[in-house]
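Chemist: Pasting work_10.cif here (mmCIF, C-alpha atoms and all ligand atoms):
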```
data_protein
loop_
_atom_site.group_PDB
_atom_site.id
_atom_site.type_symbol
_atom_site.label_atom_id
_atom_site.label_comp_id
_atom_site.auth_asym_id
_atom_site.auth_seq_id
_atom_site.Cartn_x
_atom_site.Cartn_y
_atom_site.Cartn_z
ATOM 1 C CA MET A 114 -6.120 -7.757 -13.564
ATOM 2 C CA PHE A 115 -3.063 -7.362 -11.372
ATOM 3 C CA GLY A 116 -1.075 -4.735 -13.261
ATOM 4 C CA SER A 117 2.237 -4.661 -11.418
ATOM 5 C CA ILE A 118 3.801 -4.665 -7.985
ATOM 6 C CA ASP A 119 2.787 -1.273 -6.588
ATOM 7 C CA HIS A 120 5.017 -1.545 -3.559
ATOM 8 C CA THR A 121 6.705 -3.888 -1.135
ATOM 9 C CA ALA A 122 6.306 -2.886 2.508
ATOM 10 C CA ILE A 123 8.881 -3.351 5.237
ATOM 11 C CA ALA A 124 8.144 -2.881 8.938
ATOM 12 C CA VAL A 125 10.833 -0.867 10.702
ATOM 13 C CA ALA A 126 11.324 0.168 14.303
ATOM 14 C CA ASP A 127 13.257 3.392 13.638
ATOM 15 C CA LEU A 128 11.943 5.255 10.606
ATOM 16 C CA ASP A 129 14.618 7.962 10.573
ATOM 17 C CA ALA A 130 17.421 5.388 10.674
ATOM 18 C CA SER A 131 15.765 3.323 7.944
ATOM 19 C CA ILE A 132 15.215 6.372 5.738
ATOM 20 C CA ALA A 133 18.879 7.271 6.152
ATOM 21 C CA PHE A 134 19.886 3.730 5.160
ATOM 22 C CA TYR A 135 17.731 3.590 2.021
ATOM 23 C CA ALA A 136 18.717 7.111 0.974
ATOM 24 C CA GLU A 137 22.426 7.095 1.783
ATOM 25 C CA VAL A 138 23.481 3.460 1.472
ATOM 26 C CA MET A 139 21.017 2.254 -1.175
ATOM 27 C CA GLY A 140 20.958 5.603 -2.992
ATOM 28 C CA MET A 141 17.177 5.658 -3.360
ATOM 29 C CA THR A 142 15.053 8.796 -3.476
ATOM 30 C CA LEU A 143 12.524 9.472 -0.717
ATOM 31 C CA THR A 144 9.336 10.516 -2.495
ATOM 32 C CA ARG A 145 6.872 10.813 0.341
ATOM 33 C CA ARG A 146 6.604 10.636 4.097
ATOM 34 C CA GLU A 147 3.250 10.784 5.821
ATOM 35 C CA GLU A 148 1.380 9.645 8.914
ATOM 36 C CA LEU A 149 -1.666 7.484 8.306
ATOM 37 C CA LEU A 150 -3.451 7.948 11.624
ATOM 38 C CA SER A 151 -6.261 5.569 10.636
ATOM 39 C CA GLN A 152 -3.724 2.758 10.270
ATOM 40 C CA GLY A 153 -1.472 3.819 13.146
ATOM 41 C CA VAL A 154 1.615 4.080 10.959
ATOM 42 C CA GLU A 155 4.085 6.548 9.591
ATOM 43 C CA VAL A 156 4.977 5.706 5.997
ATOM 44 C CA ALA A 157 8.040 6.562 3.924
ATOM 45 C CA LEU A 158 8.051 5.803 0.206
ATOM 46 C CA PHE A 159 11.135 5.261 -1.931
ATOM 47 C CA ASN A 160 10.833 5.021 -5.697
ATOM 48 C CA VAL A 161 12.220 1.917 -7.388
ATOM 49 C CA GLY A 162 11.497 2.214 -11.083
ATOM 50 C CA ASP A 163 7.737 2.090 -11.533
ATOM 51 C CA SER A 164 7.329 0.630 -8.051
ATOM 52 C CA SER A 165 8.132 1.614 -4.475
ATOM 53 C CA ILE A 166 9.532 0.393 -1.216
ATOM 54 C CA GLU A 167 7.203 1.389 1.616
ATOM 55 C CA LEU A 168 8.751 1.657 5.063
ATOM 56 C CA LEU A 169 6.202 1.320 7.867
ATOM 57 C CA ALA A 170 6.864 2.497 11.409
ATOM 58 C CA PRO A 171 4.221 2.114 14.115
ATOM 59 C CA LEU A 172 2.780 5.189 15.822
ATOM 60 C CA GLY A 173 2.390 3.105 18.988
ATOM 61 C CA PRO A 174 2.894 -0.411 20.392
ATOM 62 C CA GLU A 175 -0.814 -1.287 20.175
ATOM 63 C CA THR A 176 -1.112 -0.614 16.449
ATOM 64 C CA ALA A 177 -1.094 -3.425 13.874
ATOM 65 C CA VAL A 178 2.500 -2.717 12.843
ATOM 66 C CA GLY A 179 3.508 -2.251 16.505
ATOM 67 C CA ARG A 180 2.211 -5.728 17.295
ATOM 68 C CA PHE A 181 3.866 -7.108 14.152
ATOM 69 C CA LEU A 182 7.248 -5.756 15.313
ATOM 70 C CA GLN A 183 6.827 -7.178 18.817
ATOM 71 C CA LYS A 184 5.931 -10.586 17.416
ATOM 72 C CA ARG A 185 8.284 -10.912 14.453
ATOM 73 C CA GLY A 186 10.711 -8.011 14.569
ATOM 74 C CA PRO A 187 11.532 -5.789 11.597
ATOM 75 C CA GLY A 188 11.130 -7.269 8.137
ATOM 76 C CA LEU A 189 8.864 -7.872 5.169
ATOM 77 C CA HIS A 190 5.328 -6.790 6.049
ATOM 78 C CA HIS A 191 3.257 -7.000 2.874
ATOM 79 C CA VAL A 192 3.276 -7.042 -0.917
ATOM 80 C CA ALA A 193 0.921 -4.735 -2.822
ATOM 81 C CA TYR A 194 -0.416 -5.285 -6.336
ATOM 82 C CA ARG A 195 -1.676 -2.411 -8.481
ATOM 83 C CA VAL A 196 -5.143 -2.919 -9.952
ATOM 84 C CA ASP A 197 -7.378 -0.802 -12.193
ATOM 85 C CA ASP A 198 -10.670 -1.666 -10.528
ATOM 86 C CA ILE A 199 -10.364 -2.669 -6.890
ATOM 87 C CA ASP A 200 -14.111 -3.199 -6.380
ATOM 88 C CA THR A 201 -14.212 -5.814 -9.138
ATOM 89 C CA GLU A 202 -11.014 -7.530 -7.940
ATOM 90 C CA LEU A 203 -12.378 -7.825 -4.384
ATOM 91 C CA ALA A 204 -15.680 -9.239 -5.630
ATOM 92 C CA VAL A 205 -13.896 -11.797 -7.850
ATOM 93 C CA LEU A 206 -11.540 -12.882 -5.060
ATOM 94 C CA ALA A 207 -14.367 -13.140 -2.506
ATOM 95 C CA ALA A 208 -16.393 -15.266 -4.946
ATOM 96 C CA LYS A 209 -13.382 -17.607 -5.215
ATOM 97 C CA GLY A 210 -13.298 -18.016 -1.438
ATOM 98 C CA VAL A 211 -10.266 -15.837 -0.794
ATOM 99 C CA ARG A 212 -10.325 -14.464 2.767
ATOM 100 C CA LEU A 213 -10.383 -10.672 2.689
ATOM 101 C CA ILE A 214 -9.428 -8.398 5.574
ATOM 102 C CA ASP A 215 -11.150 -5.471 3.841
ATOM 103 C CA GLU A 216 -14.326 -6.387 1.998
ATOM 104 C CA ARG A 217 -14.574 -2.772 0.898
ATOM 105 C CA PRO A 218 -11.674 -0.508 -0.058
ATOM 106 C CA ARG A 219 -10.385 2.181 2.274
ATOM 107 C CA ILE A 220 -8.254 5.227 1.561
ATOM 108 C CA GLY A 221 -4.491 4.711 1.518
ATOM 109 C CA ILE A 222 -1.475 6.881 0.817
ATOM 110 C CA GLU A 223 -1.817 9.641 -1.818
ATOM 111 C CA GLY A 224 -5.596 9.182 -2.011
ATOM 112 C CA SER A 225 -5.336 5.658 -3.375
ATOM 113 C CA ARG A 226 -7.984 3.031 -2.649
ATOM 114 C CA ILE A 227 -6.587 -0.019 -0.906
ATOM 115 C CA ALA A 228 -7.722 -3.322 0.570
ATOM 116 C CA PHE A 229 -5.883 -6.117 2.344
ATOM 117 C CA ILE A 230 -6.164 -9.851 1.684
ATOM 118 C CA HIS A 231 -5.634 -12.175 4.645
ATOM 119 C CA PRO A 232 -2.256 -13.960 4.690
ATOM 120 C CA SER A 233 -4.020 -17.274 5.371
ATOM 121 C CA SER A 234 -5.290 -17.187 1.756
ATOM 122 C CA MET A 235 -1.947 -16.016 0.352
ATOM 123 C CA GLY A 236 0.606 -18.547 1.545
ATOM 124 C CA GLY A 237 1.353 -16.546 4.678
ATOM 125 C CA VAL A 238 1.951 -13.234 2.881
ATOM 126 C CA LEU A 239 -0.168 -10.237 3.852
ATOM 127 C CA THR A 240 -1.252 -8.851 0.482
ATOM 128 C CA GLU A 241 -2.641 -5.470 -0.480
ATOM 129 C CA LEU A 242 -4.484 -4.295 -3.588
ATOM 130 C CA VAL A 243 -3.951 -0.672 -4.629
ATOM 131 C CA GLN A 244 -6.008 1.338 -7.060
ATOM 132 C CA PRO A 245 -4.045 4.560 -7.498
ATOM 133 C CA GLN A 246 -5.875 7.861 -7.559
ATOM 134 C CA PRO A 247 -6.256 8.836 -11.223
ATOM 135 C CA ARG A 248 -3.665 11.380 -12.279
ATOM 136 C CA VAL A 249 -5.946 12.817 -14.954
ATOM 137 C CA PRO A 250 -8.455 15.233 -13.389
ATOM 138 C CA VAL A 251 -12.002 13.918 -13.532
ATOM 139 C CA PRO A 252 -13.508 16.839 -15.553
ATOM 140 C CA ASP A 253 -10.831 16.348 -18.239
ATOM 141 C CA ARG A 254 -11.529 12.628 -18.395
ATOM 142 C CA ALA A 255 -15.290 13.255 -18.651
ATOM 143 C CA PHE A 256 -14.642 15.744 -21.447
ATOM 144 C CA ARG A 257 -12.506 13.256 -23.388
ATOM 145 C CA SER A 258 -15.002 10.435 -22.987
ATOM 146 C CA ARG A 259 -17.664 12.536 -24.736
ATOM 147 C CA ARG A 260 -15.593 12.984 -27.888
HETATM 148 CO CO CO A 301 1.069 -0.920 1.601
#
```
Would it be possible to restate this file's structure as structure tokens?
Modeler:
Amino acid sequence: MFGSIDHTAIAVADLDASIAFYAEVMGMTLTRREELLSQGVEVALFNVGDSSIELLAPLGPETAVGRFLQKRGPGLHHVAYRVDDIDTELAVLAAKGVRLIDERPRIGIEGSRIAFIHPSSMGGVLTELVQPQPRVPVPDRAFRSRR
């Protein structure tokens, strides 16, 4: 099941300027800023209710977001849905013929598990699934499940 919109991602050329805009003009709170070297991006997250706006700046021109900016300029990059069980969702979508970029999840921001769906199957919208890292520690959860 798709639980909610986890985040909407926007490609930006100047991360500092964009952070200043969202913080000072839009009045949003920056909750996290981190480099994801494996994806060639620096990410800034702003909370919007139970969801987030994810600003993506490329770490170089030959990264995926770098090429996106050269081709299309700054703007909407992808939409991400929150799911409970990303392995099951990917298997269900693949069985329905949906074209996946990631057949297996990889690690995203804050230890989440993520996978991308190809825009050609999604009406031109790059789409991400996010299974957040559980906030309850695993030993505690194991303890509770035994009761
Ligand atoms: Co994302």
Chemist: Counting only C-alpha atoms, figure out which residue out of A:Ala170, A:Ala193, A:Ile230, A:Val205 gets nearest to Leu149 (chain A).
Modeler: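 Of A:Ala170, A:Ala193, A:Ile230, A:Val205, the one nearest Leu149 (chain A), counting only C-alpha atoms, is A:Ala170.
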Chemist: Distance table requested - chain A against ligand CO 301 (chain A), cut-off 10 Å, all atoms listed in the file: one row per qualifying residue with the closest atom pair and its distance in Å to one decimal, ordered by chain and rising residue number, as CSV.
Modeler:
```
residue,atom,partner,partner_atom,distance
A:Asp119,CA,A:CO301,CO,8.4
A:His120,CA,A:CO301,CO,6.5
A:Thr121,CA,A:CO301,CO,6.9
A:Ala122,CA,A:CO301,CO,5.7
A:Ile123,CA,A:CO301,CO,9.0
A:Val156,CA,A:CO301,CO,8.9
A:Leu158,CA,A:CO301,CO,9.8
A:Ser165,CA,A:CO301,CO,9.7
A:Ile166,CA,A:CO301,CO,9.0
A:Glu167,CA,A:CO301,CO,6.6
A:Leu168,CA,A:CO301,CO,8.8
A:Leu169,CA,A:CO301,CO,8.4
A:His190,CA,A:CO301,CO,8.5
A:His191,CA,A:CO301,CO,6.6
A:Val192,CA,A:CO301,CO,7.0
A:Ala193,CA,A:CO301,CO,5.8
A:Tyr194,CA,A:CO301,CO,9.2
A:Gly221,CA,A:CO301,CO,7.9
A:Ile222,CA,A:CO301,CO,8.2
A:Ile227,CA,A:CO301,CO,8.1
A:Ala228,CA,A:CO301,CO,9.2
A:Phe229,CA,A:CO301,CO,8.7
A:Leu239,CA,A:CO301,CO,9.7
A:Thr240,CA,A:CO301,CO,8.3
A:Glu241,CA,A:CO301,CO,6.2
A:Leu242,CA,A:CO301,CO,8.3
A:Val243,CA,A:CO301,CO,8.0
```
Chemist: Counting only C-alpha atoms, what is within 10 Å of Arg226 (chain A), bar same-chain residues fewer than 3 positions away, as a list in words?
Modeler: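 Selected residues are Val196, Asp198, Ile199, Asp200, Arg217, Pro218, Arg219, Ile220, Gly221, Ile222, Glu223, Leu242, Val243, Gln244, Pro245 and Gln246 of chain A.
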Chemist: For Thr144 (chain A), please output as an MDAnalysis selection string all residues within 8 Å (counting all atoms listed in the file; exclusion window: fewer than 3 positions along the same chain).
Modeler: chainID A and resid 157:160
Chemist: Can you tell me how far CA of Glu148 (chain A) sits from CA of Ser131 (chain A), in Å to one decimal?
Modeler: 15.7 Å
Chemist: Suppose you want the space between CA of Met114 (chain A) and CA of Leu206 (chain A); what is it in Å?
Modeler: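 Calculated distance between CA of Met114 (chain A) and CA of Leu206 (chain A) is 11.3 Å.
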Chemist: Could you tell me which of A:Thr201, A:Ser225, A:Ser234, A:Thr142 comes closest to Gly162 (chain A) if we count all atoms listed in the file?
Modeler: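 Closest residue, counting all atoms listed in the file: A:Thr142.
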Chemist: Taking into account all atoms listed in the file, which residue in the set A:Glu155, A:Asp163, A:Glu202, A:Asp197 is nearest to Val178 (chain A)?
Modeler: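 Checking each candidate against Val178 (chain A), we get A:Glu155 as the closest.
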Chemist: One decimal, in Å: what's the spacing between CA of Ala133 (chain A) and CA of Thr176 (chain A)?
Modeler: 23.8 Å
Chemist: Have a look at A:Gly153, A:Pro171, A:Phe115, A:Val161 and name the one nearest to Met141 (chain A); count only C-alpha atoms.
Modeler: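 That would be A:Val161, the residue with the smallest distance to Met141 (chain A).
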Chemist: Need the axis-aligned box for region 233-249 of chain A with 4 Å each side, so what are the centre and edges in Å to one decimal, as AutoDock Vina command-line options?
Modeler:
```
--center_x -2.2 --center_y -2.9 --center_z -4.8 --size_x 16.2 --size_y 39.4 --size_z 28.3
```
Chemist: Which of these, A:Leu213, A:Leu189, A:Leu203, A:Ala208, has the shortest distance to Val238 (chain A) once you count only C-alpha atoms?
Modeler: A:Leu189
Chemist: Looking at all atoms listed in the file, which of A:Gly186, A:Arg248, A:Arg146, A:Gln152 is the one that sits closest to Gly173 (chain A)?
Modeler: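 The answer is A:Gln152, which sits nearest to Gly173 (chain A).
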Chemist: Grab region 185-203 of chain A from that structure and dump N, CA, C and O atoms to a file, as a PDB file, in the first residue's frame.
Modeler:
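Written file, result39.pdb:
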```pdb
ATOM      1  N   ARG A 185      16.922  20.000 -18.569  1.00  0.00           N
ATOM      2  CA  ARG A 185      15.604  20.594 -18.298  1.00  0.00           C
ATOM      3  C   ARG A 185      15.634  21.836 -17.426  1.00  0.00           C
ATOM      4  O   ARG A 185      14.617  22.506 -17.279  1.00  0.00           O
ATOM      5  N   GLY A 186      16.796  22.093 -16.795  1.00  0.00           N
ATOM      6  CA  GLY A 186      16.841  23.222 -15.872  1.00  0.00           C
ATOM      7  C   GLY A 186      16.220  22.844 -14.537  1.00  0.00           C
ATOM      8  O   GLY A 186      15.708  21.738 -14.366  1.00  0.00           O
ATOM      9  N   PRO A 187      16.283  23.764 -13.565  1.00  0.00           N
ATOM     10  CA  PRO A 187      15.739  23.472 -12.244  1.00  0.00           C
ATOM     11  C   PRO A 187      14.244  23.196 -12.315  1.00  0.00           C
ATOM     12  O   PRO A 187      13.548  23.741 -13.170  1.00  0.00           O
ATOM     13  N   GLY A 188      13.773  22.351 -11.385  1.00  0.00           N
ATOM     14  CA  GLY A 188      12.333  22.089 -11.346  1.00  0.00           C
ATOM     15  C   GLY A 188      12.030  20.759 -10.703  1.00  0.00           C
ATOM     16  O   GLY A 188      12.897  20.105 -10.120  1.00  0.00           O
ATOM     17  N   LEU A 189      10.756  20.353 -10.828  1.00  0.00           N
ATOM     18  CA  LEU A 189      10.297  19.110 -10.210  1.00  0.00           C
ATOM     19  C   LEU A 189      11.116  17.922 -10.724  1.00  0.00           C
ATOM     20  O   LEU A 189      11.259  17.733 -11.932  1.00  0.00           O
ATOM     21  N   HIS A 190      11.646  17.139  -9.804  1.00  0.00           N
ATOM     22  CA  HIS A 190      12.506  16.016 -10.186  1.00  0.00           C
ATOM     23  C   HIS A 190      11.817  14.669  -9.984  1.00  0.00           C
ATOM     24  O   HIS A 190      11.836  13.830 -10.858  1.00  0.00           O
ATOM     25  N   HIS A 191      11.248  14.444  -8.815  1.00  0.00           N
ATOM     26  CA  HIS A 191      10.503  13.208  -8.597  1.00  0.00           C
ATOM     27  C   HIS A 191       9.525  13.335  -7.436  1.00  0.00           C
ATOM     28  O   HIS A 191       9.616  14.261  -6.634  1.00  0.00           O
ATOM     29  N   VAL A 192       8.581  12.388  -7.415  1.00  0.00           N
ATOM     30  CA  VAL A 192       7.613  12.278  -6.327  1.00  0.00           C
ATOM     31  C   VAL A 192       7.895  10.953  -5.626  1.00  0.00           C
ATOM     32  O   VAL A 192       8.165   9.947  -6.290  1.00  0.00           O
ATOM     33  N   ALA A 193       7.853  10.956  -4.298  1.00  0.00           N
ATOM     34  CA  ALA A 193       8.167   9.739  -3.544  1.00  0.00           C
ATOM     35  C   ALA A 193       6.990   9.344  -2.661  1.00  0.00           C
ATOM     36  O   ALA A 193       6.468  10.162  -1.904  1.00  0.00           O
ATOM     37  N   TYR A 194       6.589   8.081  -2.783  1.00  0.00           N
ATOM     38  CA  TYR A 194       5.518   7.524  -1.957  1.00  0.00           C
ATOM     39  C   TYR A 194       6.120   6.704  -0.827  1.00  0.00           C
ATOM     40  O   TYR A 194       7.091   5.964  -1.032  1.00  0.00           O
ATOM     41  N   ARG A 195       5.514   6.815   0.345  1.00  0.00           N
ATOM     42  CA  ARG A 195       5.960   6.031   1.511  1.00  0.00           C
ATOM     43  C   ARG A 195       5.236   4.689   1.512  1.00  0.00           C
ATOM     44  O   ARG A 195       4.012   4.643   1.334  1.00  0.00           O
ATOM     45  N   VAL A 196       5.995   3.624   1.672  1.00  0.00           N
ATOM     46  CA  VAL A 196       5.412   2.276   1.712  1.00  0.00           C
ATOM     47  C   VAL A 196       5.927   1.546   2.957  1.00  0.00           C
ATOM     48  O   VAL A 196       6.987   1.880   3.501  1.00  0.00           O
ATOM     49  N   ASP A 197       5.163   0.544   3.386  1.00  0.00           N
ATOM     50  CA  ASP A 197       5.568  -0.249   4.558  1.00  0.00           C
ATOM     51  C   ASP A 197       6.549  -1.350   4.175  1.00  0.00           C
ATOM     52  O   ASP A 197       7.402  -1.725   4.969  1.00  0.00           O
ATOM     53  N   ASP A 198       6.357  -1.905   2.982  1.00  0.00           N
ATOM     54  CA  ASP A 198       7.127  -3.086   2.589  1.00  0.00           C
ATOM     55  C   ASP A 198       7.570  -2.918   1.133  1.00  0.00           C
ATOM     56  O   ASP A 198       6.862  -3.294   0.207  1.00  0.00           O
ATOM     57  N   ILE A 199       8.741  -2.351   0.957  1.00  0.00           N
ATOM     58  CA  ILE A 199       9.187  -1.973  -0.387  1.00  0.00           C
ATOM     59  C   ILE A 199       9.464  -3.202  -1.251  1.00  0.00           C
ATOM     60  O   ILE A 199       9.234  -3.176  -2.469  1.00  0.00           O
ATOM     61  N   ASP A 200       9.902  -4.290  -0.650  1.00  0.00           N
ATOM     62  CA  ASP A 200      10.191  -5.507  -1.429  1.00  0.00           C
ATOM     63  C   ASP A 200       8.907  -6.027  -2.083  1.00  0.00           C
ATOM     64  O   ASP A 200       8.898  -6.386  -3.261  1.00  0.00           O
ATOM     65  N   THR A 201       7.827  -6.058  -1.292  1.00  0.00           N
ATOM     66  CA  THR A 201       6.551  -6.525  -1.829  1.00  0.00           C
ATOM     67  C   THR A 201       6.035  -5.583  -2.903  1.00  0.00           C
ATOM     68  O   THR A 201       5.578  -6.020  -3.965  1.00  0.00           O
ATOM     69  N   GLU A 202       6.109  -4.267  -2.655  1.00  0.00           N
ATOM     70  CA  GLU A 202       5.610  -3.297  -3.645  1.00  0.00           C
ATOM     71  C   GLU A 202       6.347  -3.455  -4.971  1.00  0.00           C
ATOM     72  O   GLU A 202       5.741  -3.435  -6.040  1.00  0.00           O
ATOM     73  N   LEU A 203       7.677  -3.614  -4.914  1.00  0.00           N
ATOM     74  CA  LEU A 203       8.457  -3.752  -6.151  1.00  0.00           C
ATOM     75  C   LEU A 203       8.064  -5.025  -6.893  1.00  0.00           C
ATOM     76  O   LEU A 203       7.942  -5.023  -8.122  1.00  0.00           O
TER      77      LEU A 203
END
```
